[in-house]
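A.B. asks: File follows, entry39.csv with CSV, C-alpha atoms:
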```csv
chain,number,residue,atom,x,y,z
A,1,MET,CA,1.7,23.2,-38.6
A,2,LYS,CA,-1.3,22.8,-36.3
A,3,ALA,CA,-0.7,19.0,-36.1
A,4,MET,CA,2.9,19.6,-35.1
A,5,LEU,CA,2.0,22.2,-32.5
A,6,LEU,CA,-0.7,19.8,-31.1
A,7,THR,CA,1.9,17.0,-30.9
A,8,ILE,CA,4.3,19.2,-29.0
A,9,VAL,CA,1.7,20.3,-26.5
A,10,LEU,CA,0.5,16.7,-26.0
A,11,PHE,CA,4.0,15.5,-25.5
A,12,PHE,CA,4.8,18.1,-22.8
A,13,SER,CA,1.4,17.7,-21.1
A,14,SER,CA,2.0,14.0,-20.6
A,15,TYR,CA,5.4,14.6,-19.2
A,16,SER,CA,4.2,16.0,-15.9
A,17,HIS,CA,6.1,15.0,-12.8
A,18,ALA,CA,4.2,14.0,-9.6
A,19,ALA,CA,5.4,13.6,-6.1
A,20,LEU,CA,5.1,10.1,-4.7
A,21,VAL,CA,3.6,9.4,-1.3
A,22,GLN,CA,4.1,5.8,-0.1
A,23,LEU,CA,3.5,3.6,2.8
A,24,HIS,CA,6.6,1.6,3.9
A,25,SER,CA,7.3,-1.2,6.5
A,26,GLU,CA,10.4,-3.0,7.4
A,27,ARG,CA,9.1,-6.3,6.0
A,28,SER,CA,6.0,-7.7,4.3
A,29,VAL,CA,5.4,-10.7,6.6
A,30,TYR,CA,4.7,-10.5,10.3
A,31,GLN,CA,3.7,-12.8,13.1
A,32,LEU,CA,0.5,-12.6,15.1
A,33,GLY,CA,1.0,-10.3,18.1
A,34,GLU,CA,3.9,-8.4,16.5
A,35,THR,CA,4.0,-4.6,16.3
A,36,ILE,CA,4.2,-3.3,12.8
A,37,THR,CA,5.8,0.1,12.1
A,38,VAL,CA,4.5,1.8,9.0
A,39,THR,CA,6.0,5.1,7.7
A,40,LEU,CA,4.2,7.5,5.3
A,41,LYS,CA,7.0,8.9,3.1
A,42,ILE,CA,7.1,11.4,0.3
A,43,SER,CA,9.7,11.5,-2.5
A,44,ASP,CA,10.1,12.7,-6.1
A,45,PHE,CA,9.2,16.3,-5.4
A,46,SER,CA,11.2,19.2,-6.9
A,47,GLU,CA,10.4,22.1,-4.6
A,48,THR,CA,10.1,22.9,-0.9
A,49,LEU,CA,6.8,21.6,0.6
A,50,GLY,CA,4.5,23.5,2.9
A,51,GLY,CA,2.0,20.8,4.0
A,52,PHE,CA,0.1,17.6,3.3
A,53,THR,CA,-3.1,15.8,4.0
A,54,ALA,CA,-3.5,12.0,3.9
A,55,GLU,CA,-6.0,9.4,5.0
A,56,MET,CA,-4.8,5.8,5.7
A,57,LEU,CA,-7.2,2.9,5.6
A,58,TYR,CA,-6.4,-0.2,7.6
A,59,PRO,CA,-8.4,-3.4,8.2
A,60,LYS,CA,-9.6,-3.1,11.8
A,61,THR,CA,-10.3,-6.9,11.9
A,62,LEU,CA,-6.6,-7.7,11.4
A,63,LEU,CA,-4.8,-4.7,12.9
A,64,THR,CA,-5.2,-2.4,15.9
A,65,LEU,CA,-3.8,1.1,15.6
A,66,LEU,CA,-1.5,1.7,18.7
A,67,GLY,CA,-0.3,5.2,17.9
A,68,TRP,CA,1.2,7.6,15.4
A,69,GLN,CA,3.5,10.5,15.3
A,70,PHE,CA,4.3,13.2,12.7
A,71,GLY,CA,7.6,13.7,10.9
A,72,THR,CA,9.7,16.8,11.4
A,73,GLY,CA,9.8,18.0,7.7
A,74,PHE,CA,7.5,20.9,8.3
A,75,ASP,CA,9.1,22.3,11.5
A,76,ASP,CA,11.8,24.9,11.0
A,77,GLY,CA,12.1,25.6,14.7
A,78,LEU,CA,9.0,27.8,14.9
A,79,GLY,CA,6.8,24.8,15.0
A,80,ASP,CA,4.3,23.2,12.7
A,81,TYR,CA,0.5,22.6,12.6
A,82,PRO,CA,-0.3,18.9,12.8
A,83,PHE,CA,-3.8,17.6,12.9
A,84,ASP,CA,-5.2,14.0,13.2
A,85,ASP,CA,-8.5,12.3,13.4
A,86,HIS,CA,-8.9,8.6,14.1
A,87,ASP,CA,-12.0,6.5,13.5
A,88,ALA,CA,-11.2,3.1,15.1
A,89,ASP,CA,-14.6,1.7,14.1
A,90,ALA,CA,-14.0,2.3,10.4
A,91,GLY,CA,-10.3,1.7,10.4
A,92,VAL,CA,-9.4,5.1,9.1
A,93,ILE,CA,-6.9,7.7,10.3
A,94,PHE,CA,-6.6,11.2,8.8
A,95,VAL,CA,-3.4,13.1,9.2
A,96,SER,CA,-2.3,16.6,8.0
A,97,ASN,CA,0.6,18.9,8.8
A,98,TYR,CA,1.5,22.3,7.7
A,99,ALA,CA,4.6,24.5,8.1
A,100,ASP,CA,4.2,27.8,10.0
A,101,ILE,CA,3.4,30.8,7.8
A,102,TRP,CA,6.6,32.5,8.9
A,103,ALA,CA,8.8,29.4,8.5
A,104,ASP,CA,12.3,29.7,7.0
A,105,GLU,CA,12.1,28.0,3.5
A,106,SER,CA,15.8,27.2,3.5
A,107,VAL,CA,15.6,25.4,6.8
A,108,LEU,CA,12.6,23.4,5.5
A,109,ALA,CA,14.3,22.6,2.3
A,110,SER,CA,17.4,21.2,4.1
A,111,LYS,CA,15.2,19.1,6.4
A,112,GLN,CA,13.1,17.7,3.6
A,113,GLY,CA,15.9,16.9,1.2
A,114,ASN,CA,14.8,14.6,-1.6
A,115,SER,CA,12.4,12.6,0.5
A,116,PHE,CA,11.2,12.6,4.1
A,117,VAL,CA,8.8,10.9,6.6
A,118,LEU,CA,5.4,12.6,6.9
A,119,ALA,CA,4.1,10.3,9.7
A,120,THR,CA,4.8,7.0,11.4
A,121,PHE,CA,2.1,4.5,12.5
A,122,SER,CA,2.4,1.7,15.0
A,123,LEU,CA,-0.1,-1.2,14.5
A,124,LEU,CA,-0.6,-4.5,16.3
A,125,ALA,CA,-1.1,-7.6,14.2
A,126,SER,CA,-4.2,-8.8,16.0
A,127,SER,CA,-5.5,-11.5,13.5
A,128,VAL,CA,-4.0,-13.8,10.8
A,129,GLY,CA,-4.5,-12.9,7.1
A,130,GLU,CA,-3.4,-10.9,4.1
A,131,LEU,CA,-4.1,-7.2,4.1
A,132,TRP,CA,-3.8,-4.0,2.3
A,133,LEU,CA,-3.0,-0.6,3.9
A,134,GLY,CA,-4.2,2.1,1.5
A,135,LEU,CA,-4.3,5.8,1.0
A,136,THR,CA,-7.6,7.5,0.0
A,137,PRO,CA,-6.9,9.3,-3.3
A,138,ALA,CA,-9.5,12.0,-2.6
A,139,GLN,CA,-7.9,12.9,0.8
A,140,LEU,CA,-4.3,12.9,-0.5
A,141,SER,CA,-2.8,16.3,-1.2
A,142,VAL,CA,0.5,18.1,-1.0
A,143,LEU,CA,1.1,21.8,-1.0
A,144,SER,CA,4.3,23.6,-2.0
A,145,PHE,CA,5.8,26.2,0.3
A,146,ASP,CA,4.0,28.8,-1.9
A,147,ASN,CA,0.6,27.2,-1.2
A,148,GLN,CA,0.2,25.7,-4.6
A,149,PHE,CA,-1.1,22.1,-5.0
A,150,ILE,CA,1.4,19.7,-6.3
A,151,ASP,CA,0.5,16.6,-8.4
A,152,VAL,CA,0.8,13.6,-6.1
A,153,THR,CA,0.5,9.8,-6.5
A,154,GLY,CA,-0.2,7.5,-3.6
A,155,SER,CA,0.9,4.0,-3.1
A,156,GLY,CA,-0.4,1.5,-0.5
A,157,LEU,CA,1.2,-1.5,1.2
A,158,ALA,CA,0.5,-5.2,1.2
A,159,LEU,CA,1.2,-7.2,4.3
A,160,THR,CA,0.8,-10.8,5.6
A,161,ILE,CA,0.2,-11.8,9.2
A,162,ASN,CA,1.0,-15.4,10.0
A,163,PRO,CA,0.1,-17.4,13.1
A,164,ALA,CA,2.7,-17.1,15.9
A,165,GLN,CA,5.2,-19.9,15.6
A,166,VAL,CA,6.0,-22.1,18.6
A,167,PRO,CA,9.7,-22.7,18.8
A,168,ALA,CA,10.7,-26.4,18.4
A,169,PRO,CA,12.7,-27.9,21.3
A,170,ALA,CA,16.4,-27.9,20.6
A,171,ALA,CA,17.8,-31.3,19.5
A,172,LEU,CA,20.6,-31.2,22.0
A,173,LEU,CA,18.1,-30.7,24.9
A,174,LEU,CA,16.1,-33.8,23.7
A,175,ILE,CA,19.3,-35.9,23.5
A,176,LEU,CA,20.5,-34.9,26.9
A,177,SER,CA,17.1,-35.5,28.6
A,178,GLY,CA,17.1,-39.0,26.9
A,179,LEU,CA,20.6,-39.8,28.2
A,180,LEU,CA,19.6,-38.7,31.7
A,181,LEU,CA,16.5,-41.0,31.7
A,182,MET,CA,18.7,-43.9,30.5
A,183,ARG,CA,21.2,-43.3,33.2
A,184,ARG,CA,18.6,-43.3,35.9
A,185,ARG,CA,17.2,-46.6,34.7
A,186,ALA,CA,20.6,-48.2,34.7
```
Transcribe the structure of this file into structure tokens.
C.D. replies:
Amino acid sequence: MKAMLLTIVLFFSSYSHAALVQLHSERSVYQLGETITVTLKISDFSETLGGFTAEMLYPKTLLTLLGWQFGTGFDDGLGDYPFDDHDADAGVIFVSNYADIWADESVLASKQGNSFVLATFSLLASSVGELWLGLTPAQLSVLSFDNQFIDVTGSGLALTINPAQVPAPAALLLILSGLLLMRRRA
């Protein structure tokens, strides 16, 4: 009987469901000098959320952080409480946002849906190379609307920055210029 009870407890304890916080971009390969837009999104949560904290690490030798903005999932119309701290020397940005204590939970639930954007970052591809944008696990947390911590899993993003390509001259332009030179010599 004890073995059966232990098996049932272990089965249900391993069946926990965690929210997923991920970094996304439009593509995985960029050219030198391009602006990269990265979104920090949350999905796979089952209740209304009340706030989050996250820390994104980026390679300062390959990217320059141009700016960032918060999503609207914690603002029910009364406002929210965003906070950010950027350390350009270390290549770290810390962001957090919380709903107002008097926020309307039904408005937040409709804005959040099944997934929503927590923050958006704009980065400049300043050097060529392969890179990883990561989330610091110790700084990643999500709160329910009832101020309870929710299990969360973070996922980073791999990108490649290639040298800027110089467009090759159009074949028709080369042919026409050759014909003009031949005509002048004749």
A.B. asks: Enumerate, as a list of chain:residue names, the protein, DNA and RNA residues whose atoms approach (-13.5, 2.0, 16.4) to within 12 Å, taking into account all atoms listed in the file and the coordinate frame of the file.
C.D. replies: A:Tyr58, A:Pro59, A:Lys60, A:Thr61, A:Leu63, A:Thr64, A:Leu65, A:Asp85, A:His86, A:Asp87, A:Ala88, A:Asp89, A:Ala90, A:Gly91, A:Val92, A:Ile93
A.B. asks: Could you write out that same residue set with C-alpha atoms as a compact mmCIF listing (two decimals), in the coordinates of the input?
C.D. replies:
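The file below, part05.txt, is the result:
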```txt
# COMPACT_ATOMS: atom_id res chain seq x y z
CA TYR A 58 -6.40 -0.20 7.60
CA PRO A 59 -8.40 -3.40 8.20
CA LYS A 60 -9.60 -3.10 11.80
CA THR A 61 -10.30 -6.90 11.90
CA LEU A 63 -4.80 -4.70 12.90
CA THR A 64 -5.20 -2.40 15.90
CA LEU A 65 -3.80 1.10 15.60
CA ASP A 85 -8.50 12.30 13.40
CA HIS A 86 -8.90 8.60 14.10
CA ASP A 87 -12.00 6.50 13.50
CA ALA A 88 -11.20 3.10 15.10
CA ASP A 89 -14.60 1.70 14.10
CA ALA A 90 -14.00 2.30 10.40
CA GLY A 91 -10.30 1.70 10.40
CA VAL A 92 -9.40 5.10 9.10
CA ILE A 93 -6.90 7.70 10.30
```
A.B. asks: May I have the residues within 10 Å of A:Ala19 as a PyMOL selection string, using all atoms listed in the file and disregarding those fewer than 6 positions away in the same chain?
C.D. replies: chain A and resi 42-47+115+141-142+150-154
A.B. asks: Could you turn the residues from that selection into a file that holds C-alpha atoms, as an mmCIF file, in the coordinates of the input?
C.D. replies:
```
data_model
loop_
_atom_site.group_PDB
_atom_site.id
_atom_site.type_symbol
_atom_site.label_atom_id
_atom_site.label_comp_id
_atom_site.auth_asym_id
_atom_site.auth_seq_id
_atom_site.Cartn_x
_atom_site.Cartn_y
_atom_site.Cartn_z
ATOM 1 C CA ILE A 42 7.100 11.400 0.300
ATOM 2 C CA SER A 43 9.700 11.500 -2.500
ATOM 3 C CA ASP A 44 10.100 12.700 -6.100
ATOM 4 C CA PHE A 45 9.200 16.300 -5.400
ATOM 5 C CA SER A 46 11.200 19.200 -6.900
ATOM 6 C CA GLU A 47 10.400 22.100 -4.600
ATOM 7 C CA SER A 115 12.400 12.600 0.500
ATOM 8 C CA SER A 141 -2.800 16.300 -1.200
ATOM 9 C CA VAL A 142 0.500 18.100 -1.000
ATOM 10 C CA ILE A 150 1.400 19.700 -6.300
ATOM 11 C CA ASP A 151 0.500 16.600 -8.400
ATOM 12 C CA VAL A 152 0.800 13.600 -6.100
ATOM 13 C CA THR A 153 0.500 9.800 -6.500
ATOM 14 C CA GLY A 154 -0.200 7.500 -3.600
#
```
A.B. asks: As an exercise, work out the distance from atom CA of A:Pro163 to atom CA of A:Trp132 in Å and give it to one decimal place.
C.D. replies: 17.6 Å
A.B. asks: Let me make sure I understand: among A:Glu26, A:Glu34, A:Glu105, A:Asp80, which one has the smallest atom-to-atom distance to A:Gly51 if we use only C-alpha atoms?
C.D. replies: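 That would be A:Asp80, the residue with the smallest distance to A:Gly51.
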A.B. asks: Hey, which of A:Val38, A:Leu49, A:Leu32, A:Leu78 ends up closest to A:Leu143? Count all atoms listed in the file.
C.D. replies: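 Using all atoms listed in the file, A:Leu143 sits closest to A:Leu49.
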A.B. asks: For the atom pair atom CA of A:Ser144 and atom CA of A:Phe52, what is the interatomic distance in Å to one decimal place?
C.D. replies: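 These atoms are spaced 9.0 Å apart.
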A.B. asks: For A:Thr37, which of A:Phe121, A:Phe149, A:Tyr81, A:Phe116 is the closest residue, counting all atoms listed in the file?
C.D. replies: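 Using all atoms listed in the file, the shortest distance to A:Thr37 belongs to A:Phe121.
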A.B. asks: In the coordinate frame of the file, compute which residues have an atom within 6 Å of (-0.6, 7.4, 4.0) when using all atoms listed in the file, and state them as an MDAnalysis selection string.
C.D. replies: chainID A and resid 23 40 54:56 135
A.B. asks: Kindly write N, CA, C and O atoms of stretch 17-31 of chain A from the structure just given to a file, as a PDB file, in the first residue's frame.
C.D. replies:
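Done, and the output landed in out34.pdb:
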```pdb
ATOM      1  N   HIS A  17       3.336  21.930 -13.939  1.00  0.00           N
ATOM      2  CA  HIS A  17       3.261  22.716 -15.161  1.00  0.00           C
ATOM      3  C   HIS A  17       3.915  24.068 -14.907  1.00  0.00           C
ATOM      4  O   HIS A  17       3.539  24.775 -13.994  1.00  0.00           O
ATOM      5  N   ALA A  18       4.897  24.424 -15.714  1.00  0.00           N
ATOM      6  CA  ALA A  18       5.616  25.680 -15.527  1.00  0.00           C
ATOM      7  C   ALA A  18       5.321  26.618 -16.687  1.00  0.00           C
ATOM      8  O   ALA A  18       5.192  26.200 -17.837  1.00  0.00           O
ATOM      9  N   ALA A  19       5.219  27.907 -16.359  1.00  0.00           N
ATOM     10  CA  ALA A  19       5.089  28.927 -17.391  1.00  0.00           C
ATOM     11  C   ALA A  19       6.412  28.997 -18.156  1.00  0.00           C
ATOM     12  O   ALA A  19       7.477  28.681 -17.623  1.00  0.00           O
ATOM     13  N   LEU A  20       6.367  29.407 -19.404  1.00  0.00           N
ATOM     14  CA  LEU A  20       7.553  29.470 -20.253  1.00  0.00           C
ATOM     15  C   LEU A  20       7.825  30.920 -20.648  1.00  0.00           C
ATOM     16  O   LEU A  20       6.965  31.577 -21.231  1.00  0.00           O
ATOM     17  N   VAL A  21       9.005  31.414 -20.310  1.00  0.00           N
ATOM     18  CA  VAL A  21       9.439  32.757 -20.696  1.00  0.00           C
ATOM     19  C   VAL A  21      10.532  32.578 -21.737  1.00  0.00           C
ATOM     20  O   VAL A  21      11.543  31.917 -21.476  1.00  0.00           O
ATOM     21  N   GLN A  22      10.309  33.154 -22.937  1.00  0.00           N
ATOM     22  CA  GLN A  22      11.242  32.957 -24.049  1.00  0.00           C
ATOM     23  C   GLN A  22      11.616  34.273 -24.701  1.00  0.00           C
ATOM     24  O   GLN A  22      10.817  35.210 -24.745  1.00  0.00           O
ATOM     25  N   LEU A  23      12.821  34.288 -25.252  1.00  0.00           N
ATOM     26  CA  LEU A  23      13.265  35.384 -26.106  1.00  0.00           C
ATOM     27  C   LEU A  23      12.997  34.983 -27.555  1.00  0.00           C
ATOM     28  O   LEU A  23      13.314  33.865 -27.960  1.00  0.00           O
ATOM     29  N   HIS A  24      12.403  35.902 -28.324  1.00  0.00           N
ATOM     30  CA  HIS A  24      12.080  35.653 -29.737  1.00  0.00           C
ATOM     31  C   HIS A  24      12.637  36.780 -30.604  1.00  0.00           C
ATOM     32  O   HIS A  24      12.712  37.926 -30.160  1.00  0.00           O
ATOM     33  N   SER A  25      12.985  36.442 -31.844  1.00  0.00           N
ATOM     34  CA  SER A  25      13.314  37.455 -32.856  1.00  0.00           C
ATOM     35  C   SER A  25      12.685  37.023 -34.170  1.00  0.00           C
ATOM     36  O   SER A  25      12.269  35.877 -34.322  1.00  0.00           O
ATOM     37  N   GLU A  26      12.622  37.958 -35.118  1.00  0.00           N
ATOM     38  CA  GLU A  26      11.995  37.672 -36.409  1.00  0.00           C
ATOM     39  C   GLU A  26      12.753  36.597 -37.182  1.00  0.00           C
ATOM     40  O   GLU A  26      12.162  35.790 -37.875  1.00  0.00           O
ATOM     41  N   ARG A  27      14.085  36.621 -37.087  1.00  0.00           N
ATOM     42  CA  ARG A  27      14.899  35.627 -37.780  1.00  0.00           C
ATOM     43  C   ARG A  27      16.121  35.320 -36.935  1.00  0.00           C
ATOM     44  O   ARG A  27      16.345  35.955 -35.900  1.00  0.00           O
ATOM     45  N   SER A  28      16.918  34.371 -37.371  1.00  0.00           N
ATOM     46  CA  SER A  28      18.088  33.985 -36.588  1.00  0.00           C
ATOM     47  C   SER A  28      19.400  34.481 -37.195  1.00  0.00           C
ATOM     48  O   SER A  28      20.437  34.403 -36.551  1.00  0.00           O
ATOM     49  N   VAL A  29      19.361  34.992 -38.425  1.00  0.00           N
ATOM     50  CA  VAL A  29      20.563  35.503 -39.086  1.00  0.00           C
ATOM     51  C   VAL A  29      20.346  36.967 -39.457  1.00  0.00           C
ATOM     52  O   VAL A  29      19.336  37.314 -40.079  1.00  0.00           O
ATOM     53  N   TYR A  30      21.308  37.811 -39.079  1.00  0.00           N
ATOM     54  CA  TYR A  30      21.245  39.245 -39.353  1.00  0.00           C
ATOM     55  C   TYR A  30      22.537  39.696 -39.996  1.00  0.00           C
ATOM     56  O   TYR A  30      23.562  39.011 -39.918  1.00  0.00           O
ATOM     57  N   GLN A  31      22.495  40.867 -40.623  1.00  0.00           N
ATOM     58  CA  GLN A  31      23.675  41.456 -41.243  1.00  0.00           C
ATOM     59  C   GLN A  31      24.252  42.509 -40.296  1.00  0.00           C
ATOM     60  O   GLN A  31      23.523  43.120 -39.513  1.00  0.00           O
TER      61      GLN A  31
END
```
